[in-house]
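Containing TSV, C-alpha atoms and all ligand atoms: upload_29.tsv.
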```tsv
chain	number	residue	atom	x	y	z
L	853	MET	CA	-36.65	-11.48	-60.95
L	854	THR	CA	-39.37	-9.57	-59.18
L	855	ASP	CA	-40.40	-10.62	-55.69
L	856	SER	CA	-44.17	-10.17	-55.61
L	857	ASN	CA	-44.08	-9.82	-51.85
L	858	GLN	CA	-41.82	-6.80	-51.92
L	859	PRO	CA	-43.62	-3.44	-51.75
L	860	SER	CA	-42.94	-1.58	-54.98
L	861	TRP	CA	-44.88	1.64	-54.33
L	862	SER	CA	-45.04	2.00	-58.10
L	863	THR	CA	-48.78	1.28	-58.23
L	864	VAL	CA	-48.27	2.42	-55.04
L	865	TRP	CA	-53.26	0.64	-57.10
L	866	ASP	CA	-80.66	2.90	-61.26
L	867	ASP	CA	-80.63	-0.64	-61.73
L	868	SER	CA	-78.19	-1.36	-64.37
L	869	PRO	CA	-79.50	-3.71	-67.00
L	870	MET	CA	-77.68	-7.01	-67.00
L	871	GLY	CA	-77.06	-6.40	-70.68
L	872	LEU	CA	-74.51	-3.62	-70.11
L	873	PHE	CA	-71.83	-6.25	-70.48
L	874	ALA	CA	-71.83	-9.98	-70.60
L	875	LEU	CA	-70.87	-11.67	-67.36
L	876	LYS	CA	-68.54	-14.52	-68.13
L	877	PRO	CA	-69.94	-17.91	-67.14
L	878	GLY	CA	-67.86	-19.43	-64.37
L	879	SER	CA	-66.33	-16.08	-63.47
L	880	GLU	CA	-64.07	-16.16	-60.44
L	881	THR	CA	-65.79	-13.22	-58.80
L	882	ALA	CA	-68.12	-14.18	-56.00
L	883	CYS	CA	-70.75	-11.72	-57.23
L	884	ALA	CA	-71.01	-12.95	-60.80
L	885	ALA	CA	-74.50	-14.33	-60.23
L	886	MET	CA	-75.73	-11.33	-58.20
L	887	SER	CA	-78.49	-9.19	-59.69
L	888	PRO	CA	-77.31	-5.73	-60.82
L	889	ALA	CA	-79.76	-4.03	-58.44
L	890	ILE	CA	-78.47	-5.91	-55.39
L	891	ALA	CA	-74.86	-5.44	-56.52
L	892	ARG	CA	-75.41	-1.71	-56.87
L	893	ARG	CA	-76.85	-1.47	-53.35
L	894	LYS	CA	-73.93	-3.43	-51.95
L	895	LEU	CA	-71.45	-1.32	-53.94
L	896	ILE	CA	-72.90	1.89	-52.53
L	897	GLN	CA	-72.90	0.58	-48.95
L	898	THR	CA	-69.32	-0.69	-49.30
L	899	LEU	CA	-68.21	2.66	-50.71
L	900	LYS	CA	-69.90	4.57	-47.90
L	901	ASN	CA	-68.10	2.36	-45.37
L	902	ALA	CA	-64.81	2.84	-47.21
L	903	TYR	CA	-65.27	6.61	-47.48
L	904	SER	CA	-65.74	7.01	-43.73
L	905	GLY	CA	-63.11	4.38	-42.98
L	906	GLU	CA	-60.59	6.43	-44.93
L	907	LEU	CA	-61.45	9.45	-42.79
L	908	GLY	CA	-60.74	7.44	-39.64
L	909	ALA	CA	-57.47	6.22	-41.14
L	910	ILE	CA	-56.37	9.73	-42.14
L	911	GLN	CA	-56.99	11.04	-38.63
L	912	ALA	CA	-55.28	8.06	-37.01
L	913	TYR	CA	-52.21	8.24	-39.28
L	914	LYS	CA	-51.86	11.94	-38.54
L	915	GLY	CA	-51.35	11.09	-34.87
L	916	HIS	CA	-49.34	7.96	-35.68
L	917	ARG	CA	-46.93	9.94	-37.88
L	918	LYS	CA	-46.33	12.48	-35.12
L	919	SER	CA	-45.75	9.77	-32.51
L	920	VAL	CA	-42.86	7.99	-34.28
L	921	SER	CA	-39.32	9.31	-34.04
L	922	ASP	CA	-37.65	7.42	-36.91
L	923	PRO	CA	-37.59	9.77	-39.95
L	924	ALA	CA	-38.06	6.91	-42.45
L	925	GLU	CA	-41.12	5.63	-40.57
L	926	LYS	CA	-42.50	9.14	-40.29
L	927	GLU	CA	-42.10	9.67	-44.03
L	928	MET	CA	-43.71	6.35	-44.92
L	929	ILE	CA	-46.68	6.91	-42.61
L	930	HIS	CA	-47.08	10.38	-44.12
L	931	ARG	CA	-47.07	8.82	-47.56
L	932	ILE	CA	-49.72	6.31	-46.52
L	933	GLU	CA	-51.78	9.16	-45.04
L	934	ILE	CA	-51.65	11.00	-48.40
L	935	GLU	CA	-52.70	7.84	-50.21
L	936	GLU	CA	-55.70	7.50	-47.88
L	937	ILE	CA	-56.64	11.12	-48.69
L	938	ILE	CA	-56.56	10.28	-52.40
L	939	HIS	CA	-58.63	7.15	-51.78
L	940	ARG	CA	-61.24	9.15	-49.90
L	941	GLU	CA	-61.44	11.73	-52.67
L	942	ARG	CA	-61.89	9.09	-55.35
L	943	VAL	CA	-64.42	7.05	-53.37
L	944	GLY	CA	-66.36	10.28	-52.81
L	945	GLU	CA	-66.31	10.96	-56.56
L	946	ILE	CA	-67.55	7.47	-57.34
L	947	LEU	CA	-70.36	7.82	-54.80
L	948	TYR	CA	-71.30	11.15	-56.41
L	949	LEU	CA	-71.33	9.56	-59.87
L	950	LEU	CA	-73.67	6.92	-58.49
L	951	GLY	CA	-75.97	9.66	-57.23
L	952	GLU	CA	-75.06	9.00	-53.60
L	953	GLY	CA	-73.13	10.66	-50.79
L	954	PRO	CA	-71.49	9.75	-47.50
L	955	ALA	CA	-73.48	8.59	-44.48
L	956	ILE	CA	-73.35	11.46	-41.98
L	957	HIS	CA	-73.48	9.24	-38.88
L	958	GLN	CA	-70.62	7.10	-40.20
L	959	GLU	CA	-68.60	10.21	-40.95
L	960	LYS	CA	-69.01	11.49	-37.41
L	961	ALA	CA	-68.28	8.13	-35.82
L	962	MET	CA	-65.20	7.29	-37.90
L	963	GLY	CA	-63.85	10.82	-37.68
L	964	MET	CA	-64.05	10.59	-33.90
L	965	VAL	CA	-62.56	7.08	-33.75
L	966	GLY	CA	-59.65	8.20	-35.94
L	967	LYS	CA	-58.95	11.24	-33.80
L	968	VAL	CA	-59.01	9.20	-30.60
L	969	LEU	CA	-56.70	6.54	-32.08
L	970	GLY	CA	-54.36	9.24	-33.41
L	971	PHE	CA	-54.26	10.87	-29.99
L	972	LEU	CA	-53.58	7.56	-28.23
L	973	CYS	CA	-50.60	6.86	-30.50
L	974	SER	CA	-48.52	9.26	-28.43
L	975	PHE	CA	-49.14	7.21	-25.27
L	976	SER	CA	-49.51	3.62	-26.44
L	977	GLY	CA	-45.91	3.02	-27.47
L	978	TRP	CA	-44.53	2.01	-30.86
L	979	PHE	CA	-46.03	-1.47	-31.33
L	980	ALA	CA	-49.78	-1.01	-30.78
L	981	PRO	CA	-50.37	1.57	-33.57
L	982	MET	CA	-48.26	-0.49	-36.02
L	983	TYR	CA	-50.20	-3.65	-35.15
L	984	GLY	CA	-53.60	-1.94	-35.32
L	985	ALA	CA	-52.76	-0.32	-38.65
L	986	GLY	CA	-51.63	-3.62	-40.19
L	987	LEU	CA	-54.79	-5.38	-39.01
L	988	LEU	CA	-57.06	-2.67	-40.42
L	989	GLU	CA	-55.16	-2.44	-43.70
L	990	SER	CA	-55.60	-6.18	-44.24
L	991	ARG	CA	-59.36	-5.61	-44.07
L	992	ASN	CA	-59.16	-2.63	-46.41
L	993	ILE	CA	-57.72	-4.79	-49.18
L	994	ARG	CA	-60.77	-7.02	-49.07
L	995	GLU	CA	-63.13	-4.05	-48.86
L	996	TYR	CA	-61.93	-2.66	-52.21
L	997	GLU	CA	-61.83	-6.12	-53.78
L	998	GLU	CA	-65.46	-6.58	-52.79
L	999	ALA	CA	-66.33	-3.13	-54.13
L	1000	ALA	CA	-64.76	-4.14	-57.46
L	1001	GLU	CA	-66.81	-7.35	-57.51
L	1002	TYR	CA	-70.01	-5.41	-56.82
L	1003	ALA	CA	-69.11	-2.79	-59.46
L	1004	LEU	CA	-68.62	-5.54	-62.02
L	1005	ALA	CA	-71.91	-7.25	-61.15
L	1006	ALA	CA	-73.70	-3.87	-61.24
L	1007	GLY	CA	-72.31	-3.12	-64.70
L	1008	HIS	CA	-70.08	-0.25	-63.58
L	1009	ILE	CA	-66.85	-1.43	-65.13
L	1010	GLU	CA	-65.70	2.19	-65.41
L	1011	PHE	CA	-64.84	2.07	-61.67
L	1012	LEU	CA	-63.05	-1.28	-61.72
L	1013	ASP	CA	-59.51	-0.06	-62.35
L	1014	ASP	CA	-59.59	2.53	-59.58
L	1015	LEU	CA	-61.11	0.11	-57.07
L	1016	LEU	CA	-58.46	-2.49	-57.88
L	1017	ILE	CA	-55.68	0.10	-57.64
L	1018	MET	CA	-56.96	1.06	-54.20
L	1019	ALA	CA	-56.95	-2.62	-53.15
L	1020	GLU	CA	-53.35	-2.88	-54.41
L	1021	VAL	CA	-52.32	0.21	-52.48
L	1022	GLU	CA	-53.91	-1.18	-49.31
L	1023	TRP	CA	-51.93	-4.37	-49.96
L	1024	GLU	CA	-48.74	-2.29	-49.85
L	1025	HIS	CA	-49.88	-0.61	-46.65
L	1026	GLU	CA	-50.61	-3.93	-44.94
L	1027	LYS	CA	-47.21	-5.29	-45.93
L	1028	PHE	CA	-45.41	-2.24	-44.59
L	1029	PHE	CA	-47.09	-2.43	-41.18
L	1030	ARG	CA	-46.83	-6.22	-40.93
L	1031	GLU	CA	-43.13	-6.14	-41.61
L	1032	LYS	CA	-42.69	-3.38	-39.05
L	1033	CYS	CA	-44.59	-5.45	-36.47
L	1034	ARG	CA	-42.40	-8.47	-37.14
L	1035	THR	CA	-39.36	-6.53	-35.97
L	1036	HIS	CA	-40.87	-6.12	-32.50
L	1037	PHE	CA	-40.63	-8.76	-29.76
L	1038	LEU	CA	-44.32	-8.34	-28.85
L	1039	TYR	CA	-45.46	-9.57	-32.27
L	1040	ARG	CA	-44.92	-13.21	-31.32
L	1041	TRP	CA	-47.46	-12.90	-28.51
L	1042	PHE	CA	-50.20	-11.26	-30.57
L	1043	PRO	CA	-52.77	-13.00	-32.81
L	1044	LYS	CA	-51.74	-12.93	-36.45
L	1045	TRP	CA	-54.14	-11.79	-39.13
L	1046	PRO	CA	-54.07	-13.86	-42.34
L	1047	VAL	CA	-51.27	-12.78	-44.67
L	1048	PRO	CA	-52.88	-11.56	-47.91
L	1049	PRO	CA	-52.10	-13.54	-51.06
L	1050	ALA	CA	-49.66	-12.07	-53.61
L	1051	LYS	CA	-50.66	-8.67	-54.96
L	1052	GLU	CA	-51.08	-10.08	-58.47
L	1053	THR	CA	-54.07	-12.11	-57.29
L	1054	ILE	CA	-56.11	-8.93	-56.74
L	1055	ARG	CA	-56.69	-8.45	-60.48
L	1056	LYS	CA	-56.84	-12.14	-61.36
L	1057	PRO	CA	-60.67	-12.50	-61.17
L	1058	PHE	CA	-61.05	-9.50	-63.50
L	1059	LEU	CA	-58.51	-10.35	-66.21
L	1060	TRP	CA	-61.26	-11.34	-68.64
L	1061	VAL	CA	-62.98	-7.94	-68.35
L	1062	ASN	CA	-62.01	-5.22	-70.80
L	1063	TYR	CA	-62.29	-2.37	-68.30
L	1064	PRO	CA	-61.01	1.13	-69.02
L	1065	GLU	CA	-58.07	2.71	-67.26
L	1066	GLY	CA	-59.15	4.71	-64.21
L	1067	PRO	CA	-58.04	8.22	-63.21
L	1068	LEU	CA	-56.06	6.97	-60.19
L	1069	ARG	CA	-53.50	5.35	-62.46
L	1070	HIS	CA	-52.19	8.86	-63.14
L	1071	HIS	CA	-52.18	9.96	-59.49
L	1072	LEU	CA	-50.86	7.07	-57.45
L	1073	ASN	CA	-47.19	6.86	-58.31
L	1074	THR	CA	-43.91	7.26	-56.49
L	1075	GLU	CA	-43.19	10.77	-57.73
L	1076	ALA	CA	-46.57	12.11	-56.64
L	1077	PHE	CA	-45.69	11.48	-53.00
L	1078	ALA	CA	-42.23	12.99	-52.78
L	1079	LEU	CA	-42.17	14.70	-49.43
L	1101	FE	FE	-57.14	3.63	-48.29
L	1102	FE	FE	-54.45	1.99	-46.31
```

Could you render the structure from this file as structure tokens?
Ligand SMILES: [Fe+2]
Ligand SMILES: [Fe+2]
Amino acid sequence: MTDSNQPSWSTVWDDSPMGLFALKPGSETACAAMSPAIARRKLIQTLKNAYSGELGAIQAYKGHRKSVSDPAEKEMIHRIEIEEIIHRERVGEILYLLGEGPAIHQEKAMGMVGKVLGFLCSFSGWFAPMYGAGLLESRNIREYEEAAEYALAAGHIEFLDDLLIMAEVEWEHEKFFREKCRTHFLYRWFPKWPVPPAKETIRKPFLWVNYPEGPLRHHLNTEAFAL
């Protein structure tokens, strides 16, 4: 029997006319009633945020990886770092396909934030970077879920699979850091972020959509990240 709360690492994850596909009445996605034009704008903004957020994460994990001494933790953080690189590449491709690009000011800001956080990892001790990473990863899950909802409402079902895979990968990241935090005595004194629901729930609102398989399905697998 599979425990859905155990990280598997095997998935690790113009104004479109409304007529591109039929939105199912009573759909579970929050954006089902959103106009395609608004959904497209929100999709692009969410992807720009995610693209720069991934840059910050990559820089921060670089420093985090160097700051830990346990080889298993170092390897896992390196793996997560590689997955964030793949996310950034794919989000960049999707933005390009939408005729958009990254926001330069966000790139500069998040790049700097990531470098500072990565640098501080060497001085802040073991717990703070693990806690901060878990908190941010929990938000990343929702960011890609929202992007998938906007993509659906905008009629871009060709991006759905990749966006959902990225949400699933972020789910694995959050679980890894949360479980690490729980082993530390300081965790009991810190505010707890909401534990994400089971990974299977990420795709649940989209089960009725016949979306094509995305390119990430062939890139995000255990073998691809052998170090
Ligand atoms: Fe990511
Ligand atoms: Fe992540």

So, counting all atoms listed in the file, which residue among L:Ile938, L:Leu969, L:Ala924, L:Val943 is closest to Asn901 in chain L? L:Val943

With 8 Å as the cut-off and all atoms listed in the file counted, what is the closest atom pair between each nearby residue of chain L and ligand FE 1101 (chain L)? Distances in Å to one decimal, ordered by chain and number, as a Markdown table.
```
| residue | atom | partner | partner_atom | distance |
| --- | --- | --- | --- | --- |
| L:Ala902 | CA | L:FE1101 | FE | 7.8 |
| L:Glu906 | CA | L:FE1101 | FE | 5.6 |
| L:Ala909 | CA | L:FE1101 | FE | 7.6 |
| L:Glu935 | CA | L:FE1101 | FE | 6.4 |
| L:Glu936 | CA | L:FE1101 | FE | 4.1 |
| L:Ile937 | CA | L:FE1101 | FE | 7.5 |
| L:Ile938 | CA | L:FE1101 | FE | 7.8 |
| L:His939 | CA | L:FE1101 | FE | 5.2 |
| L:Arg940 | CA | L:FE1101 | FE | 7.1 |
| L:Glu989 | CA | L:FE1101 | FE | 7.9 |
| L:Asn992 | CA | L:FE1101 | FE | 6.8 |
| L:Met1018 | CA | L:FE1101 | FE | 6.4 |
| L:Ala1019 | CA | L:FE1101 | FE | 7.9 |
| L:Val1021 | CA | L:FE1101 | FE | 7.2 |
| L:Glu1022 | CA | L:FE1101 | FE | 5.9 |
```

Put those residues in a file: C-alpha atoms, as a PDB file, keeping the file's coordinate frame.
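Once written, selection36.pdb looks like this:
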```pdb
ATOM      1  CA  ALA L 902     -64.810   2.840 -47.210  1.00  0.00           C
ATOM      2  CA  GLU L 906     -60.590   6.430 -44.930  1.00  0.00           C
ATOM      3  CA  ALA L 909     -57.470   6.220 -41.140  1.00  0.00           C
ATOM      4  CA  GLU L 935     -52.700   7.840 -50.210  1.00  0.00           C
ATOM      5  CA  GLU L 936     -55.700   7.500 -47.880  1.00  0.00           C
ATOM      6  CA  ILE L 937     -56.640  11.120 -48.690  1.00  0.00           C
ATOM      7  CA  ILE L 938     -56.560  10.280 -52.400  1.00  0.00           C
ATOM      8  CA  HIS L 939     -58.630   7.150 -51.780  1.00  0.00           C
ATOM      9  CA  ARG L 940     -61.240   9.150 -49.900  1.00  0.00           C
ATOM     10  CA  GLU L 989     -55.160  -2.440 -43.700  1.00  0.00           C
ATOM     11  CA  ASN L 992     -59.160  -2.630 -46.410  1.00  0.00           C
ATOM     12  CA  MET L1018     -56.960   1.060 -54.200  1.00  0.00           C
ATOM     13  CA  ALA L1019     -56.950  -2.620 -53.150  1.00  0.00           C
ATOM     14  CA  VAL L1021     -52.320   0.210 -52.480  1.00  0.00           C
ATOM     15  CA  GLU L1022     -53.910  -1.180 -49.310  1.00  0.00           C
TER      16      GLU L1022
END
```

As a PyMOL selection string, please: every protein or nucleic acid residue near ligand FE 1102 (chain L) (cut-off 12 Å, counting only C-alpha atoms and all ligand atoms). chain L and resi 864-865+902-903+905-910+912-913+928-940+984-996+1017-1029

At what distance in Å, to one decimal, does CA of Leu1015 in chain L lie from CA of Ala999 in chain L?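 That distance, rounded to one decimal, is 6.8 Å.
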
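Reported to one decimal place, the separation of CA of Arg1055 in chain L from CA of Glu997 in chain L is 8.8 Å.
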
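Minimum atom-to-atom distances from L:Val1047, L:Trp978, L:Ile946, L:Glu941 to Ser919 in chain L were compared using only C-alpha atoms, and the lowest value belongs to L:Trp978.
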
Length of the CA of Thr898 in chain L to CA of Ile1054 in chain L vector [Å]: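 The value is 17.3 Å.
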
What are the centre and edge lengths in Å, to one decimal, of the axis-aligned box around all listed atoms of range 930-940 of chain L with 4 Å added on each side, as lines of an AutoDock Vina configuration file?
```
center_x = -54.2
center_y = 8.7
center_z = -48.3
size_x = 22.2
size_y = 12.8
size_z = 16.3
```

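Closest approach to Ala1003 in chain L from the set L:Phe1058, L:Arg1069, L:Gly915, L:Gly966 is made by L:Phe1058, with distances taken over all atoms listed in the file.
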
Hey, what's within 12 Å of Glu952 in chain L if we count all atoms listed in the file and toss same-chain stuff fewer than 5 positions away? As a PyMOL selection string, please? chain L and resi 866+892-893+895-897+899-900+903+943-947

Using all atoms listed in the file, which protein or nucleic acid residues come within 7 Å of Tyr1063 in chain L? Drop anything in the same chain fewer than 4 positions from it, and give the result as a PDB file with C-alpha atoms, in the coordinates of the input.
```pdb
ATOM      1  CA  ILE L1009     -66.850  -1.430 -65.130  1.00  0.00           C
ATOM      2  CA  GLU L1010     -65.700   2.190 -65.410  1.00  0.00           C
ATOM      3  CA  LEU L1012     -63.050  -1.280 -61.720  1.00  0.00           C
ATOM      4  CA  ASP L1013     -59.510  -0.060 -62.350  1.00  0.00           C
TER       5      ASP L1013
END
```
